[in-house]
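J.: My file is target-v4.cif. It has mmCIF, C-alpha atoms:
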data_start
loop_
_atom_site.label_atom_id
_atom_site.label_comp_id
_atom_site.auth_asym_id
_atom_site.auth_seq_id
_atom_site.Cartn_x
_atom_site.Cartn_y
_atom_site.Cartn_z
CA MET A 12 0.00 0.00 0.00
CA THR A 13 1.43 3.37 -1.05
CA ARG A 14 1.73 6.32 1.24
CA ILE A 15 -1.17 8.15 -0.43
CA GLU A 16 -3.37 5.05 -0.13
CA GLU A 17 -2.58 4.86 3.59
CA LEU A 18 -3.55 8.51 4.01
CA ASN A 19 -6.80 7.99 2.07
CA LYS A 20 -7.58 5.04 4.34
CA ALA A 21 -6.92 7.24 7.37
CA ILE A 22 -9.31 9.86 5.93
CA ALA A 23 -12.05 7.22 5.56
CA GLU A 24 -11.52 6.07 9.16
CA LYS A 25 -11.63 9.65 10.46
CA GLN A 26 -14.81 10.31 8.46
CA GLU A 27 -16.45 7.23 9.98
CA LEU A 28 -15.41 8.40 13.44
CA LEU A 29 -16.81 11.85 12.63
CA ASN A 30 -20.19 10.38 11.62
CA THR A 31 -20.35 8.35 14.83
CA LYS A 32 -19.52 11.37 16.96
CA ILE A 33 -22.12 13.53 15.17
CA SER A 34 -24.79 10.90 15.86
CA GLU A 35 -23.80 10.80 19.54
CA VAL A 36 -23.91 14.59 19.88
CA ARG A 37 -27.30 14.75 18.16
CA ALA A 38 -28.69 12.09 20.47
CA GLY A 39 -27.31 13.95 23.46
CA ALA A 40 -28.84 17.22 22.27
CA ASP A 41 -32.26 15.56 22.01
CA ASP A 42 -31.89 13.85 25.41
CA THR A 43 -33.04 16.15 28.19
CA GLU A 44 -30.89 14.29 30.74
CA THR A 45 -27.62 14.92 28.88
CA PRO A 46 -25.81 17.99 30.33
CA VAL A 47 -25.18 20.83 27.92
CA ALA A 48 -21.51 20.68 28.89
CA ASP A 49 -21.28 17.15 27.45
CA VAL A 50 -22.89 18.30 24.20
CA LYS A 51 -20.44 21.20 24.03
CA ALA A 52 -17.50 18.85 24.62
CA GLY A 53 -18.79 16.63 21.82
CA MET A 54 -18.93 19.63 19.48
CA GLU A 55 -15.29 20.41 20.28
CA GLU A 56 -14.33 16.81 19.44
CA ILE A 57 -16.18 17.11 16.11
CA LYS A 58 -14.23 20.27 15.27
CA GLU A 59 -10.96 18.53 16.14
CA ILE A 60 -11.76 15.51 13.93
CA LYS A 61 -12.69 17.80 11.02
CA SER A 62 -9.39 19.63 11.48
CA GLN A 63 -7.50 16.32 11.36
CA ILE A 64 -9.31 15.34 8.14
CA GLU A 65 -8.39 18.67 6.52
CA SER A 66 -4.76 18.21 7.60
CA ILE A 67 -4.57 14.73 6.06
CA ASN A 68 -6.18 16.02 2.86
CA GLU A 69 -3.45 18.67 2.63
CA GLN A 70 -0.81 15.95 3.02
CA VAL A 71 -2.40 13.92 0.20
CA LYS A 72 -2.42 16.97 -2.05
CA THR A 73 1.23 17.77 -1.27
CA LEU A 74 2.38 14.20 -1.95
CA SER A 75 0.41 14.04 -5.20
CA GLU A 76 1.99 17.26 -6.43
CA ALA A 77 5.42 16.00 -5.42
CA LEU A 78 4.95 12.75 -7.38
CA GLU A 79 4.08 14.78 -10.46
CA LEU A 80 7.37 16.68 -10.45
CA GLU A 81 9.81 15.77 -13.30
CA PRO A 82 13.45 16.80 -13.76
CA ALA A 83 14.02 19.58 -16.29
CA GLU A 84 15.68 18.51 -19.54
CA GLU A 85 19.19 19.81 -20.06
CA THR A 86 19.92 21.56 -23.36
CA LYS A 87 23.45 21.29 -24.74
CA ASP A 88 24.89 23.28 -27.67
CA GLU A 89 26.08 20.93 -30.37
CA PRO A 90 29.18 21.83 -32.32
CA LYS A 91 28.43 23.30 -35.71
CA ASP A 92 29.80 22.07 -38.97
CA ASP A 93 31.61 24.48 -41.21
CA GLY A 94 28.72 24.37 -43.64
CA GLU A 95 25.89 24.85 -41.06
CA VAL A 96 24.34 28.14 -40.17
CA SER A 97 23.11 28.78 -36.58
CA GLU A 98 19.58 29.85 -35.73
CA GLU A 99 20.86 33.22 -34.59
CA GLU A 100 22.44 33.75 -37.99
CA THR A 101 19.21 32.85 -39.78
CA GLU A 102 17.30 35.42 -37.74
CA LYS A 103 19.51 38.43 -38.45
CA PRO A 104 17.82 41.79 -38.98
CA GLU A 105 17.10 42.79 -42.53
CA ASP A 106 19.62 45.65 -42.54
CA GLU A 107 22.34 43.31 -41.26
CA GLU A 108 21.50 40.80 -43.96
CA GLN A 109 21.73 43.58 -46.52
CA ARG A 110 25.23 44.47 -45.33
CA ASP A 111 26.30 40.83 -45.41
CA GLU A 112 25.12 40.43 -49.00
CA ASP A 113 27.96 42.67 -50.21
CA ASP A 114 30.56 40.41 -48.57
CA VAL A 115 29.06 37.08 -49.66
CA VAL A 116 31.24 35.11 -52.05
CA VAL A 117 29.18 32.89 -54.31
CA ASP A 118 30.85 29.63 -55.24
CA ASP A 119 29.83 26.25 -56.54
CA ASN A 120 28.76 25.05 -53.11
CA SER A 121 26.14 27.79 -52.56
CA ASP A 122 23.20 25.47 -53.34
CA THR A 123 24.46 22.88 -50.87
CA GLN A 124 24.85 25.50 -48.16
CA ALA A 125 21.31 26.77 -48.70
CA ASP A 126 19.94 23.25 -48.37
CA GLU A 127 21.86 22.74 -45.13
CA VAL A 128 20.51 26.02 -43.71
CA ALA A 129 16.94 24.96 -44.54
CA ASP A 130 17.51 21.60 -42.81
CA VAL A 131 18.75 23.28 -39.64
CA VAL A 132 15.75 25.66 -39.53
CA ALA A 133 13.33 22.74 -40.04
CA GLU A 134 14.97 20.77 -37.21
CA ASP A 135 14.69 23.79 -34.88
CA ASP A 136 10.99 24.23 -35.73
CA GLU A 137 10.35 20.55 -35.03
CA GLU A 138 12.04 20.80 -31.62
CA ILE A 139 9.93 23.86 -30.75
CA ASN A 140 6.68 22.08 -31.71
CA LYS A 141 7.64 19.02 -29.67
CA GLY A 142 8.29 21.22 -26.64
CA ALA A 143 4.89 22.92 -26.96
CA ASP A 144 3.10 19.56 -27.28
CA LYS A 145 4.92 18.26 -24.24
CA ASP A 146 3.90 21.31 -22.18
CA LYS A 147 0.26 20.77 -23.15
CA GLU A 148 0.49 17.10 -22.19
CA GLU A 149 2.02 17.97 -18.81
CA GLU A 150 -0.72 20.54 -18.22
CA LYS A 151 -3.44 18.02 -19.03
CA ARG A 152 -1.89 15.33 -16.83
CA SER A 153 -1.58 17.78 -13.91
CA GLY A 154 -5.22 18.86 -14.29
CA ASN A 155 -6.38 15.25 -14.41
CA MET A 156 -4.39 14.42 -11.28
CA GLU A 157 -5.93 17.34 -9.38
CA GLY A 158 -9.40 16.17 -10.43
CA ILE A 159 -8.65 12.62 -9.28
CA GLU A 160 -7.43 13.80 -5.87
CA ASN A 161 -10.47 16.07 -5.46
CA MET A 162 -12.72 13.13 -6.34
CA LYS A 163 -10.99 10.95 -3.73
CA THR A 164 -11.60 13.61 -1.09
CA GLN A 165 -15.25 13.98 -2.06
CA ILE A 166 -15.88 10.23 -1.92
CA THR A 167 -15.14 10.35 1.80
CA ASN A 168 -18.05 12.74 2.18
CA ASN A 169 -21.34 11.21 3.30
CA ALA A 170 -23.30 13.07 0.66
CA ASP A 171 -21.36 11.34 -2.14
CA ALA A 172 -21.66 7.99 -0.40
CA PHE A 173 -25.42 8.43 -0.18
CA GLN A 174 -25.63 9.41 -3.88
CA ALA A 175 -23.68 6.29 -4.80
CA PHE A 176 -26.25 4.23 -2.89
CA LEU A 177 -29.09 5.90 -4.77
CA VAL A 178 -27.53 5.28 -8.19
CA ASN A 179 -26.21 1.73 -7.86
CA GLY A 180 -27.13 0.46 -4.38
CA GLU A 181 -23.48 0.46 -3.24
CA VAL A 182 -22.99 0.89 0.53
CA ARG A 183 -19.72 2.76 1.14
CA ASP A 184 -17.83 3.53 4.32
CA GLY A 185 -19.44 6.34 6.31
CA LEU A 186 -23.01 5.30 5.42
CA THR A 187 -25.12 4.21 8.42
CA THR A 188 -27.43 1.22 8.02
CA VAL A 189 -30.30 0.05 10.24
CA GLU A 190 -31.79 -3.41 9.71
CA GLY A 191 -30.93 -3.50 6.03
CA GLY A 192 -32.00 0.11 5.41
CA VAL A 193 -29.76 3.12 4.92
CA VAL A 194 -30.17 6.08 7.24
CA ILE A 195 -29.95 9.37 5.39
CA PRO A 196 -26.67 11.00 6.46
CA LYS A 197 -27.24 13.79 8.95
CA GLN A 198 -24.86 15.99 6.99
CA ILE A 199 -27.23 16.00 4.01
CA LEU A 200 -30.17 17.07 6.14
CA ASP A 201 -28.04 19.79 7.71
CA ILE A 202 -26.97 21.09 4.30
CA GLN A 203 -30.57 21.25 3.15
CA LYS A 204 -31.76 22.67 6.45
CA VAL A 205 -33.45 26.06 6.31
CA PRO A 206 -33.97 28.30 9.35
CA THR A 207 -36.19 26.41 11.79
CA ASP A 208 -39.86 26.96 11.05
CA PRO A 209 -41.36 28.33 14.28
CA THR A 210 -44.75 26.82 13.43
CA GLN A 211 -43.39 23.26 13.70
CA LEU A 212 -44.76 21.87 16.96
CA ALA A 213 -42.02 19.23 17.14
CA SER A 214 -39.68 21.88 18.53
CA TYR A 215 -41.99 22.50 21.51
CA VAL A 216 -42.93 19.00 22.70
CA ASN A 217 -40.90 16.74 24.97
CA ARG A 218 -39.09 14.48 22.49
CA VAL A 219 -37.39 11.42 24.00
CA ALA A 220 -35.25 8.96 22.04
CA VAL A 221 -36.17 5.43 23.13
CA ALA A 222 -34.24 2.20 22.61
CA SER A 223 -37.22 -0.15 22.49
CA GLY A 224 -40.36 -0.34 20.39
CA MET A 225 -42.56 -0.24 23.48
CA GLY A 226 -42.21 0.64 27.14
CA ALA A 227 -43.09 3.24 29.77
CA LEU A 228 -41.70 6.69 30.44
CA PRO A 229 -41.89 8.11 33.99
CA VAL A 230 -43.55 11.50 34.44
CA LEU A 231 -43.31 13.39 37.72
CA ALA A 232 -46.65 14.98 38.62
CA LYS A 233 -47.10 18.49 39.98
CA ASN A 234 -45.44 18.94 43.37
CA THR A 235 -47.99 19.79 46.10
CA ALA A 236 -45.91 18.80 49.15
CA LYS A 237 -45.42 21.33 51.94
CA LEU A 238 -43.29 21.38 55.06
CA VAL A 239 -44.95 21.56 58.50
CA THR A 240 -43.74 22.77 61.87
CA ALA A 241 -42.63 20.29 64.57
CA ASP A 242 -41.86 20.52 68.29
CA GLU A 243 -38.28 20.41 69.50
CA LEU A 244 -36.82 16.85 69.39
CA ALA A 245 -40.08 15.53 67.95
CA GLU A 246 -40.00 13.02 65.13
CA ASN A 247 -39.56 14.45 61.67
CA PRO A 248 -42.89 14.65 59.87
CA GLU A 249 -43.05 12.91 56.55
CA ILE A 250 -43.24 14.87 53.32
CA ALA A 251 -45.99 13.91 50.93
CA LYS A 252 -44.69 11.22 48.56
CA LEU A 253 -43.85 12.29 45.06
CA GLN A 254 -46.30 11.16 42.45
CA LEU A 255 -44.51 9.37 39.63
CA LYS A 256 -46.74 8.32 36.78
CA GLU A 257 -45.73 6.05 33.92
CA VAL A 258 -46.79 6.88 30.38
CA ASP A 259 -46.98 3.80 28.19
CA TYR A 260 -45.83 4.09 24.61
CA LYS A 261 -45.72 1.78 21.64
CA ALA A 262 -43.82 2.98 18.59
CA LYS A 263 -45.92 3.05 15.45
CA THR A 264 -44.44 2.97 11.98
CA PHE A 265 -45.38 5.79 9.64
CA ARG A 266 -44.14 5.05 6.14
CA GLY A 267 -44.60 5.71 2.45
CA VAL A 268 -43.00 5.08 -0.92
CA LEU A 269 -41.25 7.57 -3.18
CA PRO A 270 -40.86 6.42 -6.82
CA VAL A 271 -37.63 7.59 -8.45
CA SER A 272 -37.33 7.08 -12.20
CA MET A 273 -34.12 5.89 -13.78
CA GLU A 274 -34.13 9.00 -15.96
CA MET A 275 -34.04 11.14 -12.84
CA LEU A 276 -31.22 9.11 -11.34
CA GLN A 277 -29.19 9.47 -14.53
CA ASP A 278 -29.96 13.10 -15.35
CA ALA A 279 -30.17 14.77 -11.93
CA PRO A 280 -26.69 15.08 -10.38
CA GLU A 281 -28.09 16.39 -7.08
CA ILE A 282 -30.72 13.68 -6.61
CA GLU A 283 -29.71 13.09 -2.98
CA SER A 284 -30.73 16.64 -2.03
CA VAL A 285 -34.16 16.11 -3.61
CA VAL A 286 -34.71 12.91 -1.62
CA ALA A 287 -33.42 14.49 1.61
CA THR A 288 -35.76 17.47 1.23
CA TYR A 289 -38.74 15.21 0.55
CA VAL A 290 -37.97 13.03 3.57
CA ALA A 291 -37.54 16.03 5.88
CA GLU A 292 -40.86 17.51 4.77
CA ALA A 293 -42.67 14.18 5.14
CA LYS A 294 -41.36 13.79 8.68
CA ALA A 295 -42.32 17.36 9.67
CA LEU A 296 -45.86 17.01 8.31
CA THR A 297 -46.33 13.67 10.07
CA GLU A 298 -45.13 14.98 13.43
CA GLN A 299 -47.21 18.14 13.09
CA ALA A 300 -50.44 16.18 12.52
CA LYS A 301 -49.79 13.68 15.34
CA ILE A 302 -48.87 16.36 17.89
CA GLY A 303 -52.03 18.24 16.95
CA GLU A 304 -54.08 15.12 17.71
CA VAL A 305 -52.47 14.90 21.16
CA LEU A 306 -53.13 18.57 21.96
CA ALA A 307 -56.78 18.09 21.02
CA LYS A 308 -57.09 15.58 23.90
CA ALA A 309 -56.67 18.32 26.52
CA THR A 310 -59.56 19.34 28.76
CA ALA A 311 -62.20 20.87 26.47
CA VAL A 312 -63.28 24.44 27.19
CA SER A 313 -65.79 26.40 25.13
CA VAL A 314 -65.26 30.17 24.96
CA SER A 315 -67.18 32.92 23.21
CA ASP A 316 -65.44 36.14 24.17
CA VAL A 317 -62.37 37.75 25.68
CA ASP A 318 -63.41 36.98 29.25
CA GLY A 319 -63.74 33.27 28.50
CA ILE A 320 -60.23 33.14 27.03
CA LYS A 321 -58.86 34.99 30.08
CA ASP A 322 -60.54 32.57 32.50
CA ALA A 323 -59.11 29.54 30.68
CA PHE A 324 -55.66 31.12 30.71
CA ASN A 325 -55.65 32.31 34.32
CA LYS A 326 -57.11 29.29 36.13
CA GLY A 327 -55.20 26.07 36.87
CA LEU A 328 -52.12 26.77 34.75
CA ALA A 329 -50.16 29.17 36.94
CA ASN A 330 -47.28 26.74 37.59
CA TYR A 331 -46.78 25.91 33.89
CA ASN A 332 -44.89 27.66 31.12
CA ARG A 333 -48.00 28.82 29.28
CA MET A 334 -48.33 29.49 25.55
CA PHE A 335 -51.05 29.44 22.88
CA VAL A 336 -51.15 27.11 19.86
CA VAL A 337 -53.99 28.44 17.72
CA SER A 338 -55.56 27.50 14.41
CA GLU A 339 -55.72 30.06 11.63
CA SER A 340 -59.47 30.53 12.14
CA PHE A 341 -59.00 31.08 15.89
CA PHE A 342 -56.26 33.62 15.23
CA ALA A 343 -58.44 35.45 12.71
CA GLU A 344 -61.15 35.88 15.37
CA ILE A 345 -58.99 37.00 18.29
CA ASP A 346 -57.04 39.35 16.03
CA LYS A 347 -60.21 41.45 15.83
CA MET A 348 -61.12 41.27 19.54
CA LYS A 349 -60.74 44.32 21.82
CA ASP A 350 -60.87 44.77 25.56
CA ALA A 351 -63.17 47.12 27.46
CA ASP A 352 -60.86 50.06 26.76
CA GLY A 353 -60.95 49.46 23.02
CA ARG A 354 -57.42 48.00 22.81
CA TYR A 355 -56.78 44.97 20.65
CA LEU A 356 -56.33 41.74 22.60
CA LEU A 357 -53.29 40.65 20.59
CA GLN A 358 -50.04 42.47 21.30
CA ASP A 359 -46.81 42.69 19.34
CA SER A 360 -43.97 40.46 20.58
CA ILE A 361 -40.45 40.09 19.21
CA THR A 362 -39.95 36.78 21.03
CA SER A 363 -43.11 35.03 19.83
CA ALA A 364 -43.02 32.76 16.77
CA SER A 365 -45.95 34.63 15.20
CA GLY A 366 -44.79 38.07 16.27
CA LYS A 367 -47.85 38.32 18.53
CA ALA A 368 -48.59 37.67 22.21
CA LEU A 369 -51.97 36.89 23.78
CA LEU A 370 -52.37 37.84 27.46
CA GLY A 371 -48.56 38.08 27.60
CA ALA A 372 -48.03 34.49 26.35
CA PRO A 373 -46.41 33.62 23.00
CA VAL A 374 -48.67 32.53 20.14
CA VAL A 375 -47.95 29.80 17.55
CA ILE A 376 -50.22 29.62 14.51
CA VAL A 377 -50.90 26.30 12.74
CA ALA A 378 -53.23 25.20 9.96
CA ASP A 379 -56.87 24.54 10.89
CA GLU A 380 -56.46 20.83 10.04
CA VAL A 381 -53.75 20.37 12.69
CA LEU A 382 -56.15 21.08 15.58
CA GLY A 383 -59.42 20.07 13.93
CA GLY A 384 -61.11 20.72 10.62
CA ALA A 385 -61.07 23.51 8.06
CA GLY A 386 -62.83 26.63 9.34
CA GLU A 387 -62.86 25.46 12.98
CA ALA A 388 -61.51 27.89 15.59
CA HIS A 389 -59.52 25.85 18.12
CA ALA A 390 -56.58 26.59 20.40
CA PHE A 391 -54.42 24.88 22.97
CA VAL A 392 -53.39 26.92 25.98
CA GLY A 393 -50.84 25.62 28.47
CA ASP A 394 -47.40 24.02 28.55
CA VAL A 395 -46.88 22.04 25.31
CA LYS A 396 -43.63 20.44 26.54
CA ALA A 397 -45.24 19.18 29.74
CA PHE A 398 -48.44 18.05 28.03
CA ALA A 399 -47.23 16.24 24.88
CA LEU A 400 -44.62 13.47 24.71
CA GLU A 401 -42.97 12.11 21.55
CA ALA A 402 -41.22 8.75 21.98
CA LEU A 403 -38.88 8.53 18.98
CA ARG A 404 -37.69 4.99 18.20
CA SER A 405 -35.89 5.57 14.90
CA ASP A 406 -35.27 8.29 12.40
CA ILE A 407 -36.30 8.22 8.77
CA ALA A 408 -34.64 5.45 6.72
CA VAL A 409 -34.59 4.66 3.01
CA GLU A 410 -34.30 1.27 1.37
CA TRP A 411 -34.53 0.14 -2.25
CA GLN A 412 -37.49 -1.97 -3.25
CA ASP A 413 -37.72 -4.01 -6.46
CA ASP A 414 -40.42 -3.12 -8.93
CA ASP A 415 -41.23 -3.65 -12.59
CA ILE A 416 -40.95 0.01 -13.56
CA PHE A 417 -37.94 1.62 -15.21
CA GLY A 418 -36.63 3.00 -11.98
CA LYS A 419 -36.52 2.29 -8.28
CA LYS A 420 -38.64 3.06 -5.24
CA LEU A 421 -37.58 4.60 -1.96
CA ALA A 422 -39.37 3.48 1.18
CA VAL A 423 -39.38 6.17 3.89
CA ALA A 424 -40.37 5.40 7.48
CA LEU A 425 -40.62 7.03 10.90
CA ARG A 426 -41.10 5.00 14.08
CA ALA A 427 -42.53 7.02 16.95
CA ASP A 428 -45.46 7.37 19.35
CA PHE A 429 -47.21 10.50 20.59
CA GLN A 430 -48.88 10.51 24.01
CA VAL A 431 -50.30 12.83 26.65
CA ALA A 432 -47.84 13.16 29.53
CA ASP A 433 -49.40 15.60 32.03
CA GLU A 434 -53.17 16.04 31.52
CA ALA A 435 -53.28 19.09 33.79
CA ALA A 436 -50.73 21.00 31.70
CA GLY A 437 -53.18 22.39 29.15
CA LYS A 438 -56.70 23.08 27.92
CA PHE A 439 -58.27 22.79 24.46
CA LEU A 440 -60.37 25.83 23.58
CA THR A 441 -63.16 26.01 21.03
CA LEU A 442 -64.16 29.54 20.10
CA ALA A 443 -67.80 30.12 19.22
CA PRO A 444 -68.41 33.86 19.18
CA ALA A 445 -71.80 34.86 20.60
CA SER A 446 -74.25 35.99 17.92
CA LYS A 447 -74.95 39.70 17.98
#
Show this structure as structure tokens.

T.:
Amino acid sequence: MTRIEELNKAIAEKQELLNTKISEVRAGADDTETPVADVKAGMEEIKEIKSQIESINEQVKTLSEALELEPAEETKDEPKDDGEVSEEETEKPEDEEQRDEDDVVVDDNSDTQADEVADVVAEDDEEINKGADKDKEEEKRSGNMEGIENMKTQITNNADAFQAFLVNGEVRDGLTTVEGGVVIPKQILDIQKVPTDPTQLASYVNRVAVASGMGALPVLAKNTAKLVTADELAENPEIAKLQLKEVDYKAKTFRGVLPVSMEMLQDAPEIESVVATYVAEAKALTEQAKIGEVLAKATAVSVSDVDGIKDAFNKGLANYNRMFVVSESFFAEIDKMKDADGRYLLQDSITSASGKALLGAPVVIVADEVLGGAGEAHAFVGDVKAFALEALRSDIAVEWQDDDIFGKKLAVALRADFQVADEAAGKFLTLAPASK
């Protein structure tokens, strides 16, 4: 194995280590029990590994350039025959040639001398052409070598490995597999990632990565214990026992099929970005709908005016981090409501996802279908993180499936369950304005 091959192997190993570390840091970031300091330390390790990969790439480039170096050809002046004329003499200025014509002695050998001069000039021209061709060949070879080295570096990237899987089913180093399927590299999703959409409810719920398809997650109920006074040297009174409730979950599989034609695979060089975008959108839409179904299970409250909304907000939720998740129809109604002093109920807020605050709490607007049906004015008020729980078993995976079409099919799947964690953490409002 050559030195460059050893370095390329080291790059592949570092890339695999980088992928593993990224997965660990992501899992730690999603896990509420993992200290932020550990996540930060993991990020520093990722930076260090990336730096090592860049350093090895520089070494590969340097060695490749060194192997391309060739010794310069030495040019020696050959002795001239009496009858030969040098190139310098053939390129004399016209006025100098004119002066020489007066001194030229024409003899019987003049024809022979002219032929010899022509031969020398022809040989010089041939040498010049050969040198130019050689320079072009060296340029081409150097350009090809740079392209090859760049390609080697890119192959170590997960995005290229994933594209290779899409085109020919080849599983390269750095590609994560789960039960025969290929997990889309996190790097691809990060590249395609746009600024986080504040209307995505998945960023507000309590998301827990689970290692089993079914089980129970402990939830600590609201603390109502209080300390009491005791006489001197009397026995210590007991504190009310903490109430630990278990929430059962069973991961369900949400899946679908994405047909990809062979023409698309052949003609679209960035096919992996198309698939990654589709998968990310499918996952977001699935989570949004399922979280909306969970929020709709909160205690139902019917309101018809501003006072009803205030009562639902002010009673029973004081110890929670309250917010509003409202449908578009609900938002349209409250946006026109005013208090007794004629001031609009909604207020501007630079910290709220929608730019508005209701009774001082942030407001998140979702489509009507997320919380009910089209045209229905619904809202959830309370602590979304305390109320809704997402047990995530596995991320989205893709796997080829045989079919009789000219192309292939991608199967996308998400294994998760969505449950109510703390029933007292929220209320589900239905707005039915009183008829005037």

J.: Starting from the displayed file, determine the output of the PyMOL selection byres ((chain A and resi 339) around 12) and express the residue list as a PyMOL selection string.

T.: chain A and resi 210+336-338+340-346+365+374-390+442

J.: Using all atoms listed in the file, determine which residues lie at most 10 Å from A:Leu306, disregarding the query and same-chain residues fewer than 2 positions distant; provide the list as a list in words.

T.: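 Residues meeting the cut-off are Lys301, Ile302, Gly303, Glu304, Lys308, Ala309, Thr310, Val336, Val381, Leu382, Ala390, Phe391, Val392, Gly393, Val395, Phe398, Ala399, Gln430, Val431, Glu434, Gly437, Lys438 and Phe439 of chain A.
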
J.: Of the candidates A:Ala232, A:Val317, A:Ala402, A:Ala307, which shows the shortest atom-to-atom distance to A:Val216, using only C-alpha atoms?

T.: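 Checking each candidate against A:Val216, we get A:Ala402 as the closest.
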
J.: Could you tell me how far atom CA of A:Lys256 sits from atom CA of A:Ala236, in Å to one decimal place?

T.: 16.2 Å

J.: Figure out the distance between atom CA of A:Asp350 and atom CA of A:Ser315, please, to one decimal in Å.

T.: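 These two atoms are separated by 13.6 Å.
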